[in-house]
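Some notes on the structure that comes next.
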Amino acid sequence: MKKLIVVNGSMGVGKTSTCKNLYKSLDRSVWLDGDWCWMMNPWTINKDTIEMVEKNIAYLLNNYLTNPAFDYIIFSWVLHREDILNDLLERLHTSEYKLYKITLTCSEESLRDRMLFDHRSLEQINNSIDRLQLYQKMQTNKIDTSELGIEETVEKIIKVIS
């Protein structure tokens with residue numbers, strides 16, 4: 001059975017770096033970063049663009065899930081509320097997969113250091129820190145990346161999905 005691995009977490013916790021390595025570690029895998037669907041100029045968040053992005057994500061996930069070339073479908077995005085993920089999952093046309101929900105988290109200090117290193121703005125850093133608490137309420141497997149490198153984080157995810 002296919003495995004849909006949803007990796008969420010606040011900006012700066014390491015979703016992109018982790019998933020970039022995770023999909024390379026799993027044979028017959030594909031990775032979709034939800035942020036790719038938001039690469040637009042100007043970056044406009046309104047009802048129409050939100051609906052478009054969610055439809056595009058669902059379309060891609062549906063195609064990956066029904067393509068026999070893939071056993072692992074990795075989807076990463078901030079997904080700070082359970083209802084956003086549930087709405088996306090309801091748009092999937094198949095139930096022939098096993099779902100793994102994994103939240104990457106870290107300490108405020110670690111998050112601040114990482115985001116400063118990535119030259120993120122103070123506003124982005126504060127928004128990300130403010131959202132950290134939202135992820136603790138979600139029904140997901142939590143992995144604290146504060147003291148972990150990318151490869152160690154990937155190993156922990158592989159243990160969860162094995």
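Every chain in the structure tokens has a letter given in the order shown (A, B, ...), and although residue numbers restart at 1 in each chain, ligands are simply numbered from 1 in the order shown.
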Report as a PyMOL selection string: the residues of chain A with a DSSP assignment of strand (DSSP E), based on the backbone of this structure. chain A and resi 2-8+29-33+72-77+97-105+141-144
Written file, previous selection with N, CA and C atoms, as a PDB file, in the first residue's frame:
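This went into result_6.pdb:
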```pdb
ATOM      1  N   LYS A   2       0.458   2.237  -0.753  1.00  0.00           N
ATOM      2  CA  LYS A   2       1.207   3.492  -0.815  1.00  0.00           C
ATOM      3  C   LYS A   2       1.196   4.169   0.549  1.00  0.00           C
ATOM      4  N   LYS A   3       2.233   4.972   0.776  1.00  0.00           N
ATOM      5  CA  LYS A   3       2.331   5.722   2.016  1.00  0.00           C
ATOM      6  C   LYS A   3       2.340   7.206   1.683  1.00  0.00           C
ATOM      7  N   LEU A   4       1.377   7.932   2.252  1.00  0.00           N
ATOM      8  CA  LEU A   4       1.333   9.389   2.133  1.00  0.00           C
ATOM      9  C   LEU A   4       1.907   9.946   3.425  1.00  0.00           C
ATOM     10  N   ILE A   5       3.036  10.617   3.295  1.00  0.00           N
ATOM     11  CA  ILE A   5       3.753  11.153   4.445  1.00  0.00           C
ATOM     12  C   ILE A   5       3.604  12.666   4.424  1.00  0.00           C
ATOM     13  N   VAL A   6       2.843  13.189   5.366  1.00  0.00           N
ATOM     14  CA  VAL A   6       2.628  14.627   5.475  1.00  0.00           C
ATOM     15  C   VAL A   6       3.570  15.147   6.553  1.00  0.00           C
ATOM     16  N   VAL A   7       4.439  16.075   6.154  1.00  0.00           N
ATOM     17  CA  VAL A   7       5.400  16.670   7.085  1.00  0.00           C
ATOM     18  C   VAL A   7       5.030  18.143   7.229  1.00  0.00           C
ATOM     19  N   ASN A   8       4.647  18.525   8.455  1.00  0.00           N
ATOM     20  CA  ASN A   8       4.288  19.916   8.685  1.00  0.00           C
ATOM     21  C   ASN A   8       5.149  20.497   9.792  1.00  0.00           C
ATOM     22  N   SER A  29       9.851   7.224  -4.607  1.00  0.00           N
ATOM     23  CA  SER A  29       9.194   8.283  -3.856  1.00  0.00           C
ATOM     24  C   SER A  29       9.123   9.567  -4.674  1.00  0.00           C
ATOM     25  N   VAL A  30       8.205  10.428  -4.259  1.00  0.00           N
ATOM     26  CA  VAL A  30       8.043  11.734  -4.877  1.00  0.00           C
ATOM     27  C   VAL A  30       7.732  12.713  -3.745  1.00  0.00           C
ATOM     28  N   TRP A  31       8.156  13.966  -3.936  1.00  0.00           N
ATOM     29  CA  TRP A  31       7.971  14.972  -2.891  1.00  0.00           C
ATOM     30  C   TRP A  31       7.311  16.210  -3.475  1.00  0.00           C
ATOM     31  N   LEU A  32       6.273  16.670  -2.804  1.00  0.00           N
ATOM     32  CA  LEU A  32       5.589  17.911  -3.145  1.00  0.00           C
ATOM     33  C   LEU A  32       5.697  18.849  -1.957  1.00  0.00           C
ATOM     34  N   ASP A  33       6.259  20.026  -2.184  1.00  0.00           N
ATOM     35  CA  ASP A  33       6.301  21.069  -1.160  1.00  0.00           C
ATOM     36  C   ASP A  33       5.153  22.023  -1.452  1.00  0.00           C
ATOM     37  N   TYR A  72       5.910   5.977  -2.107  1.00  0.00           N
ATOM     38  CA  TYR A  72       5.929   6.998  -1.059  1.00  0.00           C
ATOM     39  C   TYR A  72       5.627   8.355  -1.675  1.00  0.00           C
ATOM     40  N   ILE A  73       4.641   9.024  -1.121  1.00  0.00           N
ATOM     41  CA  ILE A  73       4.306  10.384  -1.541  1.00  0.00           C
ATOM     42  C   ILE A  73       4.535  11.259  -0.320  1.00  0.00           C
ATOM     43  N   ILE A  74       5.465  12.181  -0.451  1.00  0.00           N
ATOM     44  CA  ILE A  74       5.818  13.075   0.659  1.00  0.00           C
ATOM     45  C   ILE A  74       5.244  14.448   0.338  1.00  0.00           C
ATOM     46  N   PHE A  75       4.525  14.997   1.285  1.00  0.00           N
ATOM     47  CA  PHE A  75       3.947  16.324   1.134  1.00  0.00           C
ATOM     48  C   PHE A  75       4.345  17.173   2.333  1.00  0.00           C
ATOM     49  N   SER A  76       5.014  18.274   2.085  1.00  0.00           N
ATOM     50  CA  SER A  76       5.416  19.163   3.178  1.00  0.00           C
ATOM     51  C   SER A  76       4.783  20.536   2.999  1.00  0.00           C
ATOM     52  N   TRP A  77       4.368  21.081   4.138  1.00  0.00           N
ATOM     53  CA  TRP A  77       3.753  22.408   4.132  1.00  0.00           C
ATOM     54  C   TRP A  77       3.619  22.854   5.581  1.00  0.00           C
ATOM     55  N   TYR A  97      -4.221   4.314   0.583  1.00  0.00           N
ATOM     56  CA  TYR A  97      -2.906   4.729   1.069  1.00  0.00           C
ATOM     57  C   TYR A  97      -2.931   4.709   2.585  1.00  0.00           C
ATOM     58  N   LYS A  98      -1.753   4.622   3.161  1.00  0.00           N
ATOM     59  CA  LYS A  98      -1.608   4.733   4.609  1.00  0.00           C
ATOM     60  C   LYS A  98      -1.063   6.131   4.882  1.00  0.00           C
ATOM     61  N   LEU A  99      -1.713   6.851   5.775  1.00  0.00           N
ATOM     62  CA  LEU A  99      -1.361   8.228   6.079  1.00  0.00           C
ATOM     63  C   LEU A  99      -0.456   8.299   7.300  1.00  0.00           C
ATOM     64  N   TYR A 100       0.621   9.057   7.161  1.00  0.00           N
ATOM     65  CA  TYR A 100       1.522   9.359   8.270  1.00  0.00           C
ATOM     66  C   TYR A 100       1.607  10.875   8.398  1.00  0.00           C
ATOM     67  N   LYS A 101       1.247  11.385   9.567  1.00  0.00           N
ATOM     68  CA  LYS A 101       1.287  12.829   9.815  1.00  0.00           C
ATOM     69  C   LYS A 101       2.433  13.103  10.790  1.00  0.00           C
ATOM     70  N   ILE A 102       3.397  13.857  10.322  1.00  0.00           N
ATOM     71  CA  ILE A 102       4.605  14.111  11.103  1.00  0.00           C
ATOM     72  C   ILE A 102       4.810  15.614  11.236  1.00  0.00           C
ATOM     73  N   THR A 103       4.927  16.068  12.463  1.00  0.00           N
ATOM     74  CA  THR A 103       5.195  17.475  12.738  1.00  0.00           C
ATOM     75  C   THR A 103       6.645  17.628  13.178  1.00  0.00           C
ATOM     76  N   LEU A 104       7.365  18.478  12.452  1.00  0.00           N
ATOM     77  CA  LEU A 104       8.709  18.844  12.889  1.00  0.00           C
ATOM     78  C   LEU A 104       8.582  20.083  13.752  1.00  0.00           C
ATOM     79  N   THR A 105       9.230  20.058  14.889  1.00  0.00           N
ATOM     80  CA  THR A 105       9.191  21.186  15.800  1.00  0.00           C
ATOM     81  C   THR A 105      10.589  21.404  16.358  1.00  0.00           C
ATOM     82  N   ASN A 141       2.590  12.739  14.733  1.00  0.00           N
ATOM     83  CA  ASN A 141       3.840  12.288  15.347  1.00  0.00           C
ATOM     84  C   ASN A 141       4.767  13.491  15.411  1.00  0.00           C
ATOM     85  N   LYS A 142       5.229  13.853  16.602  1.00  0.00           N
ATOM     86  CA  LYS A 142       6.086  15.025  16.764  1.00  0.00           C
ATOM     87  C   LYS A 142       7.558  14.597  16.783  1.00  0.00           C
ATOM     88  N   ILE A 143       8.374  15.340  16.044  1.00  0.00           N
ATOM     89  CA  ILE A 143       9.819  15.128  16.068  1.00  0.00           C
ATOM     90  C   ILE A 143      10.464  16.471  16.372  1.00  0.00           C
ATOM     91  N   ASP A 144      11.125  16.549  17.516  1.00  0.00           N
ATOM     92  CA  ASP A 144      11.824  17.766  17.916  1.00  0.00           C
ATOM     93  C   ASP A 144      13.193  17.765  17.239  1.00  0.00           C
TER      94      ASP A 144
END
```
From region 33-115 of chain A, collect each residue whose DSSP state is alpha helix (DSSP H) and return the set as a VMD selection string. chain A and resid 47 to 66 82 to 90 108 to 115
Write a file of the just-selected residues containing N, CA, C and O atoms, as a compact mmCIF listing (two decimals), in the first residue's frame.
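Everything below was put into result20.txt:
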```txt
# COMPACT_ATOMS: atom_id res chain seq x y z
N LYS A 47 -9.26 34.60 -0.95
CA LYS A 47 -10.11 33.41 -1.10
C LYS A 47 -9.81 32.68 -2.41
O LYS A 47 -9.71 31.44 -2.44
N ASP A 48 -9.65 33.42 -3.50
CA ASP A 48 -9.42 32.80 -4.81
C ASP A 48 -8.07 32.09 -4.90
O ASP A 48 -7.98 30.98 -5.42
N THR A 49 -7.01 32.73 -4.38
CA THR A 49 -5.70 32.09 -4.48
C THR A 49 -5.59 30.91 -3.52
O THR A 49 -4.96 29.89 -3.85
N ILE A 50 -6.21 31.02 -2.36
CA ILE A 50 -6.20 29.89 -1.42
C ILE A 50 -6.89 28.69 -2.04
O ILE A 50 -6.38 27.57 -2.01
N GLU A 51 -8.06 28.91 -2.64
CA GLU A 51 -8.80 27.82 -3.29
C GLU A 51 -7.99 27.21 -4.43
O GLU A 51 -7.92 25.99 -4.59
N MET A 52 -7.35 28.07 -5.24
CA MET A 52 -6.54 27.59 -6.36
C MET A 52 -5.38 26.72 -5.86
O MET A 52 -5.14 25.63 -6.39
N VAL A 53 -4.67 27.19 -4.84
CA VAL A 53 -3.53 26.45 -4.31
C VAL A 53 -3.99 25.11 -3.75
O VAL A 53 -3.36 24.07 -4.02
N GLU A 54 -5.07 25.09 -3.00
CA GLU A 54 -5.57 23.84 -2.44
C GLU A 54 -5.99 22.86 -3.54
O GLU A 54 -5.74 21.66 -3.44
N LYS A 55 -6.62 23.36 -4.59
CA LYS A 55 -6.99 22.50 -5.72
C LYS A 55 -5.75 21.95 -6.41
O LYS A 55 -5.72 20.77 -6.80
N ASN A 56 -4.74 22.79 -6.60
CA ASN A 56 -3.50 22.34 -7.25
C ASN A 56 -2.80 21.27 -6.42
O ASN A 56 -2.31 20.27 -6.97
N ILE A 57 -2.74 21.47 -5.11
CA ILE A 57 -2.12 20.47 -4.24
C ILE A 57 -2.89 19.15 -4.32
O ILE A 57 -2.29 18.08 -4.47
N ALA A 58 -4.20 19.22 -4.22
CA ALA A 58 -5.02 18.01 -4.29
C ALA A 58 -4.84 17.31 -5.64
O ALA A 58 -4.73 16.07 -5.69
N TYR A 59 -4.79 18.07 -6.71
CA TYR A 59 -4.60 17.50 -8.05
C TYR A 59 -3.28 16.73 -8.11
O TYR A 59 -3.24 15.58 -8.58
N LEU A 60 -2.22 17.36 -7.66
CA LEU A 60 -0.91 16.70 -7.69
C LEU A 60 -0.88 15.47 -6.79
O LEU A 60 -0.40 14.40 -7.20
N LEU A 61 -1.41 15.59 -5.58
CA LEU A 61 -1.42 14.43 -4.68
C LEU A 61 -2.24 13.29 -5.27
O LEU A 61 -1.83 12.12 -5.19
N ASN A 62 -3.39 13.60 -5.86
CA ASN A 62 -4.19 12.55 -6.50
C ASN A 62 -3.41 11.85 -7.60
O ASN A 62 -3.45 10.62 -7.71
N ASN A 63 -2.71 12.61 -8.41
CA ASN A 63 -1.93 12.00 -9.50
C ASN A 63 -0.79 11.15 -8.97
O ASN A 63 -0.52 10.06 -9.50
N TYR A 64 -0.12 11.61 -7.93
CA TYR A 64 0.97 10.83 -7.34
C TYR A 64 0.43 9.54 -6.71
O TYR A 64 1.02 8.47 -6.85
N LEU A 65 -0.70 9.65 -6.03
CA LEU A 65 -1.28 8.49 -5.35
C LEU A 65 -1.76 7.42 -6.33
O LEU A 65 -1.79 6.24 -5.99
N THR A 66 -2.18 7.82 -7.50
CA THR A 66 -2.69 6.84 -8.47
C THR A 66 -1.64 6.39 -9.48
O THR A 66 -1.91 5.52 -10.30
N GLU A 82 -5.30 21.57 11.92
CA GLU A 82 -5.74 20.23 11.51
C GLU A 82 -6.81 20.30 10.42
O GLU A 82 -6.84 19.47 9.51
N ASP A 83 -7.70 21.30 10.47
CA ASP A 83 -8.79 21.38 9.49
C ASP A 83 -8.26 21.65 8.07
O ASP A 83 -8.86 21.19 7.09
N ILE A 84 -7.14 22.34 7.95
CA ILE A 84 -6.57 22.58 6.61
C ILE A 84 -6.13 21.26 6.00
O ILE A 84 -6.44 20.96 4.84
N LEU A 85 -5.44 20.45 6.78
CA LEU A 85 -5.02 19.14 6.30
C LEU A 85 -6.22 18.25 6.00
O LEU A 85 -6.28 17.60 4.95
N ASN A 86 -7.21 18.24 6.89
CA ASN A 86 -8.39 17.41 6.67
C ASN A 86 -9.13 17.81 5.40
O ASN A 86 -9.61 16.94 4.65
N ASP A 87 -9.24 19.11 5.13
CA ASP A 87 -9.88 19.57 3.89
C ASP A 87 -9.12 19.07 2.67
O ASP A 87 -9.73 18.66 1.68
N LEU A 88 -7.80 19.10 2.74
CA LEU A 88 -7.00 18.59 1.61
C LEU A 88 -7.20 17.09 1.43
O LEU A 88 -7.38 16.61 0.31
N LEU A 89 -7.21 16.36 2.53
CA LEU A 89 -7.37 14.90 2.45
C LEU A 89 -8.73 14.53 1.89
O LEU A 89 -8.86 13.53 1.17
N GLU A 90 -9.75 15.32 2.19
CA GLU A 90 -11.10 15.06 1.65
C GLU A 90 -11.15 15.22 0.13
O GLU A 90 -12.04 14.66 -0.52
N GLU A 108 12.23 27.46 20.66
CA GLU A 108 12.20 28.84 20.15
C GLU A 108 13.61 29.33 19.83
O GLU A 108 13.82 29.98 18.81
N GLU A 109 14.56 29.00 20.71
CA GLU A 109 15.95 29.44 20.50
C GLU A 109 16.53 28.84 19.21
O GLU A 109 17.14 29.55 18.41
N SER A 110 16.32 27.57 19.01
CA SER A 110 16.81 26.91 17.81
C SER A 110 16.15 27.49 16.56
O SER A 110 16.80 27.74 15.54
N LEU A 111 14.84 27.72 16.64
CA LEU A 111 14.10 28.28 15.50
C LEU A 111 14.62 29.68 15.16
O LEU A 111 14.88 29.99 13.99
N ARG A 112 14.83 30.49 16.17
CA ARG A 112 15.34 31.84 15.95
C ARG A 112 16.73 31.79 15.31
O ARG A 112 17.00 32.49 14.32
N ASP A 113 17.61 30.94 15.82
CA ASP A 113 18.96 30.82 15.26
C ASP A 113 18.93 30.38 13.80
O ASP A 113 19.64 30.93 12.96
N ARG A 114 18.10 29.39 13.48
CA ARG A 114 18.00 28.89 12.10
C ARG A 114 17.48 29.97 11.16
O ARG A 114 17.99 30.14 10.04
N MET A 115 16.47 30.68 11.61
CA MET A 115 15.87 31.69 10.74
C MET A 115 16.78 32.90 10.56
O MET A 115 16.82 33.50 9.48
```
List the neighbours of Arg81 (chain A) out to 9 Å using only C-alpha atoms; skip same-chain residues closer than 3 positions along the sequence, and give me the result as JSON, numbers by chain. {"A": [78, 84, 85, 134, 135, 137, 138]}
Tell me which of A:Ile125, A:Ala69, A:Leu26, A:Leu132 sits closest to Ile157 (chain A), counting only C-alpha atoms.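 Of A:Ile125, A:Ala69, A:Leu26, A:Leu132, the one nearest Ile157 (chain A), counting only C-alpha atoms, is A:Leu26.
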For CA of Gly34 (chain A) and CA of Thr140 (chain A), the interatomic separation in Å (one decimal): 18.0 Å
